[in-house]
$ cat run.txt   # compact mmCIF, C-alpha atoms
# COMPACT_ATOMS: atom_id res chain seq x y z
CA VAL A 163 0.00 0.00 0.00
CA HIS A 164 1.69 3.21 -1.10
CA LEU A 165 0.59 5.95 1.29
CA ILE A 166 2.20 9.35 1.56
CA PRO A 167 1.54 11.82 4.43
CA VAL A 168 0.44 15.39 3.89
CA ASN A 169 0.69 17.45 7.04
CA PRO A 170 2.84 20.56 6.59
CA ILE A 171 5.76 19.16 8.56
CA ARG A 172 9.28 20.44 8.61
CA GLU A 173 12.21 18.36 7.41
CA ASP A 174 12.90 17.40 11.04
CA GLY A 175 9.54 15.60 11.10
CA LEU A 176 7.76 17.91 13.53
CA ASN A 177 4.55 19.84 13.05
CA PRO A 178 4.97 23.64 13.21
CA LYS A 179 2.21 23.69 15.86
CA SER A 180 4.01 21.28 18.20
CA ARG A 181 4.80 22.49 21.71
CA LYS A 182 8.36 23.50 20.96
CA ARG A 183 10.77 23.50 18.09
CA ILE A 184 13.45 20.95 18.81
CA MET A 185 15.52 21.30 15.64
CA PRO A 186 15.70 23.99 12.99
CA GLY A 187 14.40 22.82 9.59
CA LEU A 188 17.18 21.65 7.28
CA LEU A 189 15.39 22.89 4.14
CA THR A 190 13.42 26.10 3.74
CA GLU A 191 9.82 25.02 4.17
CA PRO A 192 7.47 26.28 1.43
CA PRO A 193 4.34 28.17 2.60
CA ALA A 194 1.90 25.50 1.33
CA ILE A 195 1.95 21.83 0.40
CA ASP A 196 4.33 21.55 -2.53
CA PRO A 197 4.48 18.14 -4.24
CA VAL A 198 7.94 18.87 -5.68
CA TYR A 199 9.33 19.83 -2.27
CA GLU A 200 7.77 16.71 -0.72
CA ALA A 201 9.33 14.55 -3.45
CA ARG A 202 12.75 16.10 -2.74
CA VAL A 203 12.47 15.27 0.96
CA TYR A 204 11.47 11.71 0.00
CA CYS A 205 14.56 11.30 -2.23
CA ASN A 206 16.83 12.18 0.74
CA ILE A 207 19.79 13.00 -1.51
CA PRO A 208 22.95 13.04 0.68
CA THR A 209 24.17 16.64 0.63
CA ILE A 210 24.49 18.60 3.87
CA ALA A 211 25.61 16.98 7.11
CA GLU A 212 22.62 15.91 9.17
CA ARG A 213 21.99 17.19 12.68
CA SER A 214 20.19 14.79 14.95
CA MET A 215 18.85 14.43 18.48
CA GLU A 216 19.93 10.82 19.03
CA GLY A 217 21.81 10.19 22.28
CA HIS A 218 20.60 13.30 24.16
CA ALA A 219 19.83 12.78 27.86
CA PRO A 220 20.64 14.27 31.28
CA HIS A 221 24.28 13.54 32.20
CA TYR A 222 23.37 11.04 34.95
CA PHE A 223 21.49 8.75 32.53
CA LYS A 224 23.18 5.72 30.99
CA LEU A 225 22.32 4.43 27.50
CA VAL A 226 21.82 0.65 27.72
CA SER A 227 20.14 -0.37 24.45
CA VAL A 228 19.36 0.92 20.97
CA GLN A 229 16.95 -0.63 18.47
CA VAL A 230 16.89 0.73 14.92
CA LEU A 231 14.28 0.12 12.23
CA ILE A 232 15.36 1.36 8.78
CA ARG A 233 13.87 1.60 5.34
CA HIS A 234 16.28 0.54 2.59
CA GLY A 235 18.08 3.30 0.73
CA ASP A 236 17.45 4.72 -2.74
CA ARG A 237 16.55 1.99 -5.23
CA TYR A 238 15.80 1.48 -8.88
CA PRO A 239 12.03 1.35 -9.61
CA LEU A 240 10.02 -1.81 -9.02
CA TYR A 241 7.80 -0.97 -12.00
CA ALA A 242 8.49 0.21 -15.56
CA ILE A 243 6.31 2.56 -17.58
CA PRO A 244 5.43 0.46 -20.66
CA LYS A 245 6.90 1.46 -24.05
CA THR A 246 9.41 3.91 -22.54
CA LYS A 247 13.16 3.59 -22.08
CA ARG A 248 14.05 2.67 -18.51
CA PRO A 249 15.94 5.36 -16.57
CA ASP A 250 19.66 4.98 -17.21
CA ILE A 251 21.07 4.54 -13.68
CA ASP A 252 24.41 2.82 -13.01
CA CYS A 253 24.42 0.48 -9.97
CA MET A 254 28.19 -0.08 -9.94
CA LEU A 255 29.80 1.43 -6.84
CA LEU A 256 32.37 4.05 -7.85
CA PRO A 257 33.93 6.07 -4.99
CA SER A 258 34.83 8.83 -7.50
CA ARG A 259 31.17 9.36 -8.49
CA LYS A 260 28.78 11.55 -6.50
CA PRO A 261 27.17 11.03 -4.10
CA SER A 262 30.08 9.29 -2.42
CA HIS A 263 31.35 8.62 1.09
CA PRO A 264 34.86 8.43 2.63
CA GLN A 265 34.23 4.78 3.62
CA LEU A 266 32.74 3.63 0.31
CA GLU A 267 35.95 2.09 -1.06
CA ALA A 268 36.71 0.28 2.22
CA PHE A 269 33.07 -0.91 2.35
CA ILE A 270 33.36 -2.52 -1.11
CA LYS A 271 36.58 -4.33 -0.11
CA HIS A 272 35.10 -5.53 3.17
CA MET A 273 31.91 -6.82 1.53
CA SER A 274 33.97 -9.03 -0.80
CA LYS A 275 35.29 -10.93 2.27
CA GLY A 276 31.86 -11.67 3.77
CA SER A 277 31.64 -15.42 3.19
CA ALA A 278 32.29 -16.10 6.92
CA ALA A 279 29.02 -14.44 8.01
CA GLN A 280 26.05 -16.49 9.12
CA MET A 281 23.25 -15.64 6.69
CA ASP A 282 19.87 -17.26 7.26
CA GLY A 283 18.08 -19.09 4.47
CA SER A 284 18.11 -17.38 1.11
CA LEU A 285 20.16 -14.39 2.34
CA SER A 286 23.42 -16.23 1.67
CA SER A 287 22.66 -16.28 -2.07
CA LEU A 288 22.11 -12.49 -2.27
CA PRO A 289 24.91 -10.08 -3.33
CA ARG A 290 26.31 -8.02 -0.45
CA TYR A 291 26.49 -4.83 -2.52
CA PRO A 292 25.00 -3.61 -5.82
CA SER A 293 27.14 -4.27 -8.90
CA HIS A 294 25.25 -3.91 -12.19
CA SER A 295 26.21 -1.31 -14.81
CA LEU A 296 22.48 -0.90 -15.51
CA CYS A 297 20.46 -1.24 -12.32
CA GLU A 298 18.08 -4.16 -12.08
CA MET A 299 14.48 -3.63 -10.90
CA GLY A 300 14.42 -2.76 -7.20
CA GLU A 301 18.22 -2.77 -6.89
CA LEU A 302 19.91 -0.51 -4.34
CA THR A 303 21.81 2.34 -6.01
CA GLN A 304 25.08 3.98 -4.99
CA THR A 305 22.97 6.77 -3.48
CA GLY A 306 21.20 4.12 -1.35
CA VAL A 307 24.50 2.70 -0.10
CA VAL A 308 25.83 6.18 0.73
CA GLN A 309 22.61 7.08 2.60
CA HIS A 310 23.14 4.14 4.95
CA LEU A 311 26.90 4.64 5.31
CA ARG A 312 25.95 8.13 6.54
CA ASN A 313 23.31 6.69 8.90
CA GLY A 314 25.83 4.22 10.30
CA GLN A 315 28.51 6.86 10.77
CA LEU A 316 26.09 9.22 12.53
CA LEU A 317 24.94 6.44 14.89
CA ARG A 318 28.57 5.39 15.51
CA ASP A 319 29.60 8.94 16.48
CA ILE A 320 26.78 9.07 19.05
CA TYR A 321 26.32 5.51 20.34
CA ILE A 322 29.84 4.06 20.12
CA ASN A 323 32.20 7.04 20.38
CA LYS A 324 30.15 9.11 22.84
CA HIS A 325 28.03 6.62 24.81
CA LYS A 326 30.19 3.45 24.53
CA LEU A 327 27.10 1.31 23.88
CA LEU A 328 29.31 -1.58 22.67
CA PRO A 329 32.83 -2.30 23.95
CA SER A 330 35.67 -2.66 21.44
CA ASP A 331 35.59 -6.45 22.06
CA TRP A 332 31.82 -6.74 21.44
CA THR A 333 30.45 -10.21 20.84
CA ALA A 334 27.92 -11.67 18.40
CA LYS A 335 25.36 -11.96 21.22
CA GLN A 336 25.29 -8.18 21.68
CA LEU A 337 23.93 -7.63 18.16
CA TYR A 338 20.60 -8.67 16.68
CA LEU A 339 20.31 -8.19 12.90
CA GLU A 340 17.26 -9.00 10.80
CA THR A 341 16.31 -8.20 7.21
CA THR A 342 13.73 -9.12 4.61
CA GLY A 343 14.90 -11.32 1.76
CA LYS A 344 15.52 -8.51 -0.75
CA SER A 345 19.02 -7.53 -1.82
CA ARG A 346 18.21 -3.85 -1.18
CA THR A 347 17.36 -4.45 2.51
CA LEU A 348 20.33 -6.77 3.11
CA GLN A 349 22.75 -4.34 1.42
CA SER A 350 21.28 -1.35 3.32
CA ALA A 351 21.77 -3.21 6.61
CA LEU A 352 25.39 -4.09 5.73
CA ALA A 353 26.18 -0.50 4.69
CA LEU A 354 24.83 0.90 7.97
CA LEU A 355 26.55 -1.83 9.98
CA TYR A 356 29.89 -1.26 8.24
CA ALA A 357 29.94 2.46 9.10
CA PHE A 358 28.64 1.72 12.62
CA LEU A 359 31.30 -0.97 13.30
CA PRO A 360 34.02 -0.42 10.65
CA ASP A 361 35.93 -3.54 9.50
CA PHE A 362 33.79 -5.73 11.76
CA ASP A 363 34.70 -9.41 12.13
CA TRP A 364 32.43 -11.32 9.73
CA LYS A 365 32.45 -14.36 12.07
CA LYS A 366 30.49 -12.28 14.63
CA ILE A 367 27.72 -11.44 12.15
CA THR A 368 24.47 -13.41 12.06
CA MET A 369 21.89 -11.95 9.70
CA ARG A 370 18.42 -13.34 10.26
CA HIS A 371 15.92 -13.58 7.44
CA GLN A 372 12.41 -12.20 7.94
CA TRP A 373 9.98 -13.43 5.30
CA SER A 374 7.24 -10.92 6.20
CA THR A 375 7.49 -7.22 5.34
CA ILE A 376 5.64 -6.41 8.59
CA PHE A 377 8.09 -8.57 10.61
CA CYS A 378 5.28 -10.59 12.18
CA SER A 379 7.49 -13.74 12.46
CA GLY A 380 5.38 -16.55 13.95
CA SER A 381 2.35 -14.36 14.73
CA CYS A 382 1.17 -13.51 11.21
CA ASP A 383 -2.25 -15.18 11.28
CA CYS A 384 -4.58 -12.21 11.81
CA PRO A 385 -7.81 -12.19 9.77
CA MET A 386 -8.96 -8.75 11.00
CA ARG A 387 -5.66 -7.17 9.97
CA ASN A 388 -6.35 -8.33 6.41
CA HIS A 389 -9.95 -7.08 6.70
CA TYR A 390 -8.85 -3.54 7.63
CA LEU A 391 -6.21 -3.54 4.90
CA GLU A 392 -8.85 -4.45 2.31
CA GLU A 393 -11.13 -1.70 3.62
CA GLU A 394 -8.24 0.78 3.41
CA GLN A 395 -7.50 -0.27 -0.18
CA ARG A 396 -11.19 0.27 -1.05
CA ARG A 397 -10.97 3.76 0.45
CA GLN A 398 -7.87 4.48 -1.66
CA TYR A 399 -9.59 3.28 -4.82
CA SER A 400 -12.71 5.35 -4.11
CA LEU A 401 -10.65 8.53 -3.62
CA ARG A 402 -8.70 7.91 -6.82
CA VAL A 403 -11.76 7.46 -9.07
CA LYS A 404 -13.22 10.71 -7.69
CA ASN A 405 -10.13 12.72 -8.71
CA ASN A 406 -10.85 14.15 -12.18
CA ASP A 407 -7.48 15.90 -12.46
CA LEU A 408 -5.72 12.62 -11.80
CA GLU A 409 -7.84 10.78 -14.39
CA LYS A 410 -7.08 13.42 -17.04
CA ILE A 411 -3.36 13.13 -16.33
CA TYR A 412 -3.47 9.32 -16.64
CA VAL A 413 -5.40 9.59 -19.95
CA ASP A 414 -2.85 12.10 -21.26
CA MET A 415 0.15 10.00 -20.18
CA ALA A 416 -1.42 6.86 -21.66
CA LYS A 417 -1.78 8.64 -25.03
CA ILE A 418 1.88 9.71 -24.91
CA VAL A 419 3.12 6.14 -24.38
CA GLY A 420 0.43 4.55 -26.55
CA ILE A 421 -1.23 2.14 -24.12
CA PRO A 422 -4.68 1.89 -22.46
CA THR A 423 -5.13 4.13 -19.40
CA ARG A 424 -5.83 1.11 -17.21
CA GLN A 425 -2.50 -0.48 -18.17
CA LEU A 426 -0.60 2.73 -17.41
CA ARG A 427 -2.23 3.01 -13.98
CA ALA A 428 -1.39 -0.62 -13.21
CA SER A 429 2.29 0.09 -13.97
CA ASN A 430 2.37 2.44 -10.94
CA PRO A 431 4.07 5.28 -12.87
CA ILE A 432 4.86 7.35 -9.75
CA ASP A 433 7.39 4.70 -8.64
CA SER A 434 9.26 5.05 -11.91
CA LEU A 435 8.89 8.85 -12.13
CA LEU A 436 10.33 9.27 -8.61
CA CYS A 437 13.50 7.55 -9.82
CA TYR A 438 13.83 10.01 -12.73
CA PHE A 439 13.16 12.86 -10.30
CA CYS A 440 15.55 11.71 -7.53
CA HIS A 441 18.38 11.09 -10.03
CA ASN A 442 17.75 14.31 -11.97
CA VAL A 443 17.08 12.40 -15.21
CA SER A 444 14.63 13.81 -17.79
CA PHE A 445 11.19 12.16 -17.75
CA PRO A 446 10.61 9.77 -20.69
CA CYS A 447 9.52 10.90 -24.16
CA THR A 448 7.95 9.15 -27.15
CA LYS A 449 7.02 10.29 -30.69
CA SER A 450 3.71 11.47 -29.22
CA GLY A 451 5.26 13.78 -26.62
CA CYS A 452 6.93 13.80 -23.24
CA ILE A 453 5.82 12.99 -19.72
CA GLY A 454 6.52 16.19 -17.79
CA MET A 455 6.64 17.82 -14.38
CA GLU A 456 2.92 18.67 -14.53
CA HIS A 457 2.05 14.97 -14.81
CA PHE A 458 4.38 14.23 -11.91
CA LYS A 459 2.95 17.00 -9.70
CA VAL A 460 -0.68 15.91 -10.13
CA ILE A 461 0.07 12.27 -9.24
CA LYS A 462 2.24 13.30 -6.30
CA ARG A 463 -0.39 15.78 -5.06
CA HIS A 464 -2.99 13.00 -5.14
CA GLN A 465 -0.75 10.87 -2.91
CA LEU A 466 -0.62 13.75 -0.42
CA GLU A 467 -4.42 14.15 -0.50
CA ASP A 468 -4.77 10.40 -0.03
CA GLU A 469 -2.71 10.63 3.14
CA ARG A 470 -4.88 13.43 4.49
CA GLU A 471 -8.00 11.32 4.05
CA ARG A 472 -6.21 8.26 5.42
CA GLN A 473 -5.62 10.12 8.70
CA GLU A 474 -9.31 11.05 8.94
CA LYS A 475 -10.84 7.65 8.14
CA LYS A 476 -8.74 5.61 10.63
CA LEU A 477 -8.96 2.32 8.68
CA TYR A 478 -5.20 2.32 8.15
CA PHE A 479 -4.66 3.01 11.85
CA LEU A 480 -6.68 -0.12 12.77
CA TYR A 481 -4.69 -2.12 10.22
CA ALA A 482 -1.44 -0.67 11.62
CA LEU A 483 -2.20 -1.67 15.22
CA LEU A 484 -2.70 -5.33 14.23
CA ALA A 485 0.11 -5.34 11.65
CA THR A 486 2.77 -4.02 14.01
CA HIS A 487 1.91 -5.65 17.32
CA PRO A 488 4.25 -8.65 16.73
CA VAL A 489 7.33 -6.52 15.99
CA LEU A 490 6.55 -3.99 18.77
CA ASN A 491 6.02 -6.89 21.17
CA GLN A 492 9.48 -8.26 20.29
CA THR A 493 10.92 -4.77 20.79
CA VAL A 494 9.31 -4.41 24.23
CA ASN A 495 10.38 -7.90 25.36
CA ARG A 496 13.96 -7.18 24.36
CA LEU A 497 13.97 -3.80 26.15
CA GLN A 498 12.59 -5.46 29.29
CA ARG A 499 15.34 -8.11 29.22
CA VAL A 500 18.05 -5.43 28.93
CA ALA A 501 16.39 -3.41 31.73
CA GLU A 502 16.59 -6.52 33.92
CA GLY A 503 20.35 -6.60 33.40
CA LYS A 504 20.84 -8.93 30.42
CA LYS A 505 23.75 -7.80 28.26
CA GLU A 506 22.54 -9.49 25.06
CA GLU A 507 21.06 -7.85 21.95
CA VAL A 508 21.86 -4.33 23.10
CA PHE A 509 22.08 -3.11 19.49
CA VAL A 510 19.28 -4.23 17.18
CA LEU A 511 18.89 -3.49 13.48
CA TYR A 512 15.80 -4.32 11.44
CA SER A 513 16.23 -3.57 7.72
CA ALA A 514 12.86 -3.15 6.09
CA HIS A 515 10.54 -1.26 3.72
CA ASP A 516 8.17 1.72 3.62
CA VAL A 517 5.32 -0.74 4.26
CA THR A 518 7.12 -1.73 7.50
CA LEU A 519 7.87 1.71 8.91
CA SER A 520 4.64 3.42 7.90
CA PRO A 521 2.32 1.23 10.01
CA VAL A 522 4.73 1.35 12.98
CA LEU A 523 4.59 5.16 12.96
CA SER A 524 0.80 5.05 12.67
CA ALA A 525 0.39 2.48 15.46
CA LEU A 526 2.61 4.52 17.81
CA GLY A 527 0.39 7.54 17.17
CA ILE A 528 3.12 9.58 15.45
CA THR A 529 0.61 10.97 12.96
CA GLU A 530 2.67 14.04 12.09
CA ALA A 531 5.62 12.07 10.71
CA ARG A 532 6.31 12.13 7.02
CA PHE A 533 5.98 8.98 4.94
CA PRO A 534 9.24 6.98 5.23
CA ARG A 535 11.78 8.51 2.85
CA PHE A 536 14.60 6.46 1.38
CA ALA A 537 16.93 5.38 4.24
CA ALA A 538 14.48 6.55 6.91
CA ARG A 539 15.38 5.47 10.45
CA LEU A 540 13.24 4.97 13.53
CA VAL A 541 15.25 4.58 16.73
CA PHE A 542 14.21 3.28 20.18
CA GLU A 543 16.71 4.23 22.90
CA LEU A 544 16.62 2.64 26.38
CA TRP A 545 18.12 4.68 29.24
CA GLN A 546 18.84 3.80 32.86
CA ASP A 547 18.40 6.49 35.50
CA GLY A 548 21.79 6.74 37.28
CA LYS A 549 20.15 8.09 40.44
CA ARG A 550 17.50 5.33 40.50
CA PRO A 551 19.11 2.39 38.66
CA LYS A 552 15.91 0.30 38.61
CA GLU A 553 14.08 2.98 36.61
CA HIS A 554 14.31 2.85 32.80
CA PHE A 555 13.09 5.27 30.17
CA ILE A 556 12.76 5.26 26.40
CA ARG A 557 13.23 7.87 23.71
CA ILE A 558 11.86 7.43 20.19
CA LEU A 559 13.47 9.29 17.28
CA TYR A 560 12.46 9.49 13.63
CA ASN A 561 15.12 10.67 11.19
CA GLY A 562 16.94 12.34 14.05
CA ALA A 563 13.92 14.19 15.49
CA ASP A 564 12.72 13.35 18.99
CA VAL A 565 9.10 12.18 18.59
CA THR A 566 8.76 10.54 22.03
CA PHE A 567 6.03 12.95 23.12
CA HIS A 568 4.22 12.64 19.79
CA THR A 569 3.34 9.03 20.64
CA SER A 570 -0.19 8.25 21.82
CA PHE A 571 1.08 6.58 25.03
CA CYS A 572 3.42 9.35 26.19
CA LYS A 573 2.07 12.58 24.71
CA ASP A 574 0.96 13.99 28.10
CA TYR A 575 3.82 12.69 30.24
CA TYR A 576 6.19 15.62 29.64
CA LYS A 577 3.67 18.01 31.25
CA ARG A 578 4.31 16.48 34.68
CA SER A 579 7.94 15.38 34.34
CA SER A 580 11.23 17.16 34.00
CA LYS A 581 12.80 14.16 32.24
CA PRO A 582 12.95 14.42 28.43
CA MET A 583 11.88 10.80 27.92
CA CYS A 584 9.12 8.29 28.63
CA PRO A 585 8.99 5.59 31.36
CA LEU A 586 9.55 2.14 29.85
CA GLU A 587 6.40 0.88 31.61
CA LYS A 588 4.22 3.23 29.53
CA PHE A 589 5.51 1.65 26.32
CA VAL A 590 5.12 -1.86 27.78
CA THR A 591 1.51 -1.18 28.86
CA PHE A 592 0.69 0.24 25.44
CA VAL A 593 2.03 -2.80 23.56
CA LYS A 594 0.79 -5.47 25.99
CA ARG A 595 -2.68 -4.02 26.61
CA ASP A 596 -3.68 -0.62 25.25
CA MET A 597 -3.14 -1.46 21.57
CA PHE A 598 -6.20 -3.73 21.76
CA LEU A 599 -8.64 -1.37 23.54
CA VAL A 600 -9.98 0.08 20.29
CA PHE A 601 -10.96 -3.48 19.26
CA ASN A 602 -12.69 -4.07 22.62
CA SER A 603 -10.14 -6.87 23.18
CA THR A 604 -7.49 -7.77 25.71
CA SER A 605 -5.10 -9.74 23.50
CA TYR A 606 -3.64 -9.82 20.01
CA TYR A 607 -5.25 -13.19 19.29
CA ASP A 608 -8.69 -11.91 20.27
CA ALA A 609 -8.31 -8.58 18.40
CA CYS A 610 -7.29 -10.49 15.28
CA ARG A 611 -10.54 -12.46 15.33
CA ARG A 612 -13.16 -10.10 16.79
CA ARG A 613 -15.44 -8.63 14.14
CA PRO A 614 -16.20 -4.91 14.54
CA LEU A 615 -19.60 -4.08 16.04
$ encode --input "run.txt" --output "C-alpha cells"
Amino acid sequence: VHLIPVNPIREDGLNPKSRKRIMPGLLTEPPAIDPVYEARVYCNIPTIAERSMEGHAPHYFKLVSVQVLIRHGDRYPLYAIPKTKRPDIDCMLLPSRKPSHPQLEAFIKHMSKGSAAQMDGSLSSLPRYPSHSLCEMGELTQTGVVQHLRNGQLLRDIYINKHKLLPSDWTAKQLYLETTGKSRTLQSALALLYAFLPDFDWKKITMRHQWSTIFCSGSCDCPMRNHYLEEEQRRQYSLRVKNNDLEKIYVDMAKIVGIPTRQLRASNPIDSLLCYFCHNVSFPCTKSGCIGMEHFKVIKRHQLEDERERQEKKLYFLYALLATHPVLNQTVNRLQRVAEGKKEEVFVLYSAHDVTLSPVLSALGITEARFPRFAARLVFELWQDGKRPKEHFIRILYNGADVTFHTSFCKDYYKRSSKPMCPLEKFVTFVKRDMFLVFNSTSYYDACRRRPL
C-alpha cells in the first residue's frame, strides 16, 4: 500500500504547531503543500551533514540499548512505464562518483570478504552490494549505499564514540540483525553496519531472514488485519476514481506512451517517475510527446491528498495496530530483558521497507511524521536512571527528530515530568494491553478475530 503523508511538517519531522521547536528545519519550508518539495524530501539526496537528536539525555542517565528500524536506501524502480526507455542509472559502486562517502571504497573491499558471516536461508545467495552497470528492478543504487553509510557513521559517532554502547571487544550476542529477503534491505543493513562498526569481524555477524514485510514472524495469522487492509484499499480506490485531475493526467500519459489508461495506472508510474526525479534524469519521451513535471505534480499531489483522508478515516490506523503488534512486542520484550540486566542484543537493526515503517509510525500515534523517505530510520533508545538504577526510560526518534512525546502513550507525560523521555512501563503497557482497547479486546489473538460491532 503506497501511502504518503500530507501534514505541513518540517524536514525534522515535527509539526509547526508542536509544543516547541526541537531542531531547525534543514530545508526552507514552502508556505503550502508543494508536491515537488515533498518529493525532494522523500529522495533524501545526501548533501548537507545531518543534525540529529539521538543520544541526548541528562548527564546522569546511561544508554543501555538501541533498536533501529530502517527503510532501505534509494533503489531502482520496481515498475516500468510500458513502451518507454528505462531510466539509465548505473548500480556499480564508484567512490569517485557523487554522491560518495569516505568509507565507500573500504566498504566494497570488506563486503567481498563476507563469506564467513552467518546468513539465514536465502540471504546467503544475495549479493552483499550492488554491482550492475544498468540497475536491475528494485536494486539498491550507490545513493542508497551512501545514505546508509551516513546513517551508520552518525549512529557510531553518538552511540559508540560518545556513549560506549558496545565495547571494542563486542560479541555476536550483543547484536541482533534481521532483514527481509531482498538484496536492497540486506545491502542497506550491511552499509549501515559497516559504518557503525568499521571492518567488523564477519564471524560475529548473524543476519536473520524475515519473510514478512511487517516482521510478524510466527504471529502472522490475523484475519482482521487483512480485513482492515482491504477496507483501506477500497478507500484508496474510491478517492482515486473521484479525482478528475488525476484521471485526465493518466489519460494524457497513456496517449503519450500509446497504451490503455488502465494499463498505465497498473504500472504504478509514480514509482518510476520518482527515480527520474531523484536522479535528476529527464522524464521519458515518445514520438507522441513527453511525460513532464505537470504529470508528476498531479500524481504526487494526489498521494498527499490520499494521506490526508487516510488520517481522517482511521482504517489504516486499525490495520497498523494489528500489523505491528508482533514486531513492537518483540521490541518491548527485548527492552525489558536489557532493563533486567541482560547484556545481550543491546544493538538491534531491522532492515525493512516503507510498508514496514509506515504502520509502525501510525500504530505509535506519530501521525505528524512524514511517509518513510529512502533510508528513513526509527530509533528506540533505552536509558537507565543513574540516580534510581531500577528505573528505565525510552526515547523514540524518527530521522533524528525526537518524537517521544508525539506518541499516543506518552504525549501527556512531559507536562508532569522534567525528564525528556518516557517511562519504559508506559511503552510496555501500550504494547501489551492498550493497543487492543480500540478493538474491545485484551489480546492480540482476540483482536485479530473479533469482528467490529
$ residues_around --input "run.txt" --residues "range 283-294 of chain A" --least-positions-apart "6" --cutoff "12 Å" --atoms "all atoms listed in the file" --output "CSV table (one decimal) with C-alpha atoms, keeping the file's coordinate frame"
chain,number,residue,atom,x,y,z
A,235,GLY,CA,18.1,3.3,0.7
A,236,ASP,CA,17.4,4.7,-2.7
A,237,ARG,CA,16.6,2.0,-5.2
A,238,TYR,CA,15.8,1.5,-8.9
A,250,ASP,CA,19.7,5.0,-17.2
A,251,ILE,CA,21.1,4.5,-13.7
A,252,ASP,CA,24.4,2.8,-13.0
A,253,CYS,CA,24.4,0.5,-10.0
A,254,MET,CA,28.2,-0.1,-9.9
A,255,LEU,CA,29.8,1.4,-6.8
A,256,LEU,CA,32.4,4.0,-7.8
A,266,LEU,CA,32.7,3.6,0.3
A,267,GLU,CA,36.0,2.1,-1.1
A,269,PHE,CA,33.1,-0.9,2.4
A,270,ILE,CA,33.4,-2.5,-1.1
A,271,LYS,CA,36.6,-4.3,-0.1
A,272,HIS,CA,35.1,-5.5,3.2
A,273,MET,CA,31.9,-6.8,1.5
A,274,SER,CA,34.0,-9.0,-0.8
A,275,LYS,CA,35.3,-10.9,2.3
A,276,GLY,CA,31.9,-11.7,3.8
A,277,SER,CA,31.6,-15.4,3.2
A,300,GLY,CA,14.4,-2.8,-7.2
A,301,GLU,CA,18.2,-2.8,-6.9
A,302,LEU,CA,19.9,-0.5,-4.3
A,303,THR,CA,21.8,2.3,-6.0
A,304,GLN,CA,25.1,4.0,-5.0
A,305,THR,CA,23.0,6.8,-3.5
A,306,GLY,CA,21.2,4.1,-1.4
A,307,VAL,CA,24.5,2.7,-0.1
A,308,VAL,CA,25.8,6.2,0.7
A,340,GLU,CA,17.3,-9.0,10.8
A,341,THR,CA,16.3,-8.2,7.2
A,342,THR,CA,13.7,-9.1,4.6
A,343,GLY,CA,14.9,-11.3,1.8
A,344,LYS,CA,15.5,-8.5,-0.8
A,345,SER,CA,19.0,-7.5,-1.8
A,346,ARG,CA,18.2,-3.8,-1.2
A,347,THR,CA,17.4,-4.4,2.5
A,348,LEU,CA,20.3,-6.8,3.1
A,349,GLN,CA,22.8,-4.3,1.4
A,350,SER,CA,21.3,-1.4,3.3
A,351,ALA,CA,21.8,-3.2,6.6
A,352,LEU,CA,25.4,-4.1,5.7
A,353,ALA,CA,26.2,-0.5,4.7
A,356,TYR,CA,29.9,-1.3,8.2
A,368,THR,CA,24.5,-13.4,12.1
A,369,MET,CA,21.9,-12.0,9.7
A,370,ARG,CA,18.4,-13.3,10.3
A,371,HIS,CA,15.9,-13.6,7.4
A,372,GLN,CA,12.4,-12.2,7.9
A,373,TRP,CA,10.0,-13.4,5.3
$ closest_residue --input "run.txt" --among "A:Pro488, A:Gly503, A:Pro585, A:Pro614" --to "Thr518 in chain A" --atoms "only C-alpha atoms"
A:Pro488
$ atom_distance --input "run.txt" --atom1 "CA of Pro208 in chain A" --atom2 "CA of Cys440 in chain A"
11.1 Å
$ atom_distance --input "run.txt" --atom1 "CA of His568 in chain A" --atom2 "CA of Ser227 in chain A"
21.1 Å
$ residues_near_point --input "run.txt" --point "(-0.9, 10.1, 1.8)" --cutoff "12 Å" --atoms "only C-alpha atoms" --output "ChimeraX atom specification"
/A:163-169,197,200,394,397-398,401-402,461-474,478,520,529-534
$ closest_atom_pairs --input "run.txt" --of "range 211-289 of chain A" --to "range 413-422 of chain A" --cutoff "10 Å" --atoms "only C-alpha atoms" --output "JSON lines"
{"residue": "A:Ile243", "atom": "CA", "partner": "A:Val419", "partner_atom": "CA", "distance": 8.3}
{"residue": "A:Pro244", "atom": "CA", "partner": "A:Val419", "partner_atom": "CA", "distance": 7.2}
{"residue": "A:Lys245", "atom": "CA", "partner": "A:Val419", "partner_atom": "CA", "distance": 6.0}
{"residue": "A:Thr246", "atom": "CA", "partner": "A:Val419", "partner_atom": "CA", "distance": 6.9}
$ closest_residue --input "run.txt" --among "A:Lys588, A:His515, A:Lys505, A:Lys459" --to "Ala201 in chain A" --atoms "all atoms listed in the file"
A:Lys459
$ axis_aligned_box --input "run.txt" --around "range 554-569 of chain A" --padding-each-side "3 Å" --output "lines of an AutoDock Vina configuration file"
center_x = 10.1
center_y = 8.5
center_z = 22.0
size_x = 19.6
size_y = 17.3
size_z = 27.6
$ closest_residue --input "run.txt" --among "A:Leu511, A:Pro431, A:Pro249, A:Val226" --to "Phe358 in chain A" --atoms "only C-alpha atoms"
A:Leu511
$ closest_residue --input "run.txt" --among "A:Pro582, A:Pro257, A:Gly562, A:Pro360" --to "Arg213 in chain A" --atoms "all atoms listed in the file"
A:Gly562
$ residues_around --input "run.txt" --residues "Ala278 in chain A" --least-positions-apart "2" --cutoff "7 Å" --atoms "only C-alpha atoms" --output "PyMOL selection string"
chain A and resi 276+280+364-365
$ closest_residue --input "run.txt" --among "A:Leu327, A:Met583, A:Ala538, A:Met455" --to "Cys205 in chain A" --atoms "only C-alpha atoms"
A:Ala538
$ residues_around --input "run.txt" --residues "Ile322 in chain A" --least-positions-apart "3" --cutoff "12 Å" --atoms "only C-alpha atoms" --output "compact mmCIF listing (two decimals) with C-alpha atoms, in the frame of the given file"
# COMPACT_ATOMS: atom_id res chain seq x y z
CA GLY A 217 21.81 10.19 22.28
CA LEU A 225 22.32 4.43 27.50
CA VAL A 226 21.82 0.65 27.72
CA SER A 227 20.14 -0.37 24.45
CA VAL A 228 19.36 0.92 20.97
CA GLY A 314 25.83 4.22 10.30
CA GLN A 315 28.51 6.86 10.77
CA LEU A 316 26.09 9.22 12.53
CA LEU A 317 24.94 6.44 14.89
CA ARG A 318 28.57 5.39 15.51
CA ASP A 319 29.60 8.94 16.48
CA HIS A 325 28.03 6.62 24.81
CA LYS A 326 30.19 3.45 24.53
CA LEU A 327 27.10 1.31 23.88
CA LEU A 328 29.31 -1.58 22.67
CA PRO A 329 32.83 -2.30 23.95
CA SER A 330 35.67 -2.66 21.44
CA TRP A 332 31.82 -6.74 21.44
CA ALA A 357 29.94 2.46 9.10
CA PHE A 358 28.64 1.72 12.62
CA LEU A 359 31.30 -0.97 13.30
CA PRO A 360 34.02 -0.42 10.65
CA VAL A 508 21.86 -4.33 23.10
CA PHE A 509 22.08 -3.11 19.49
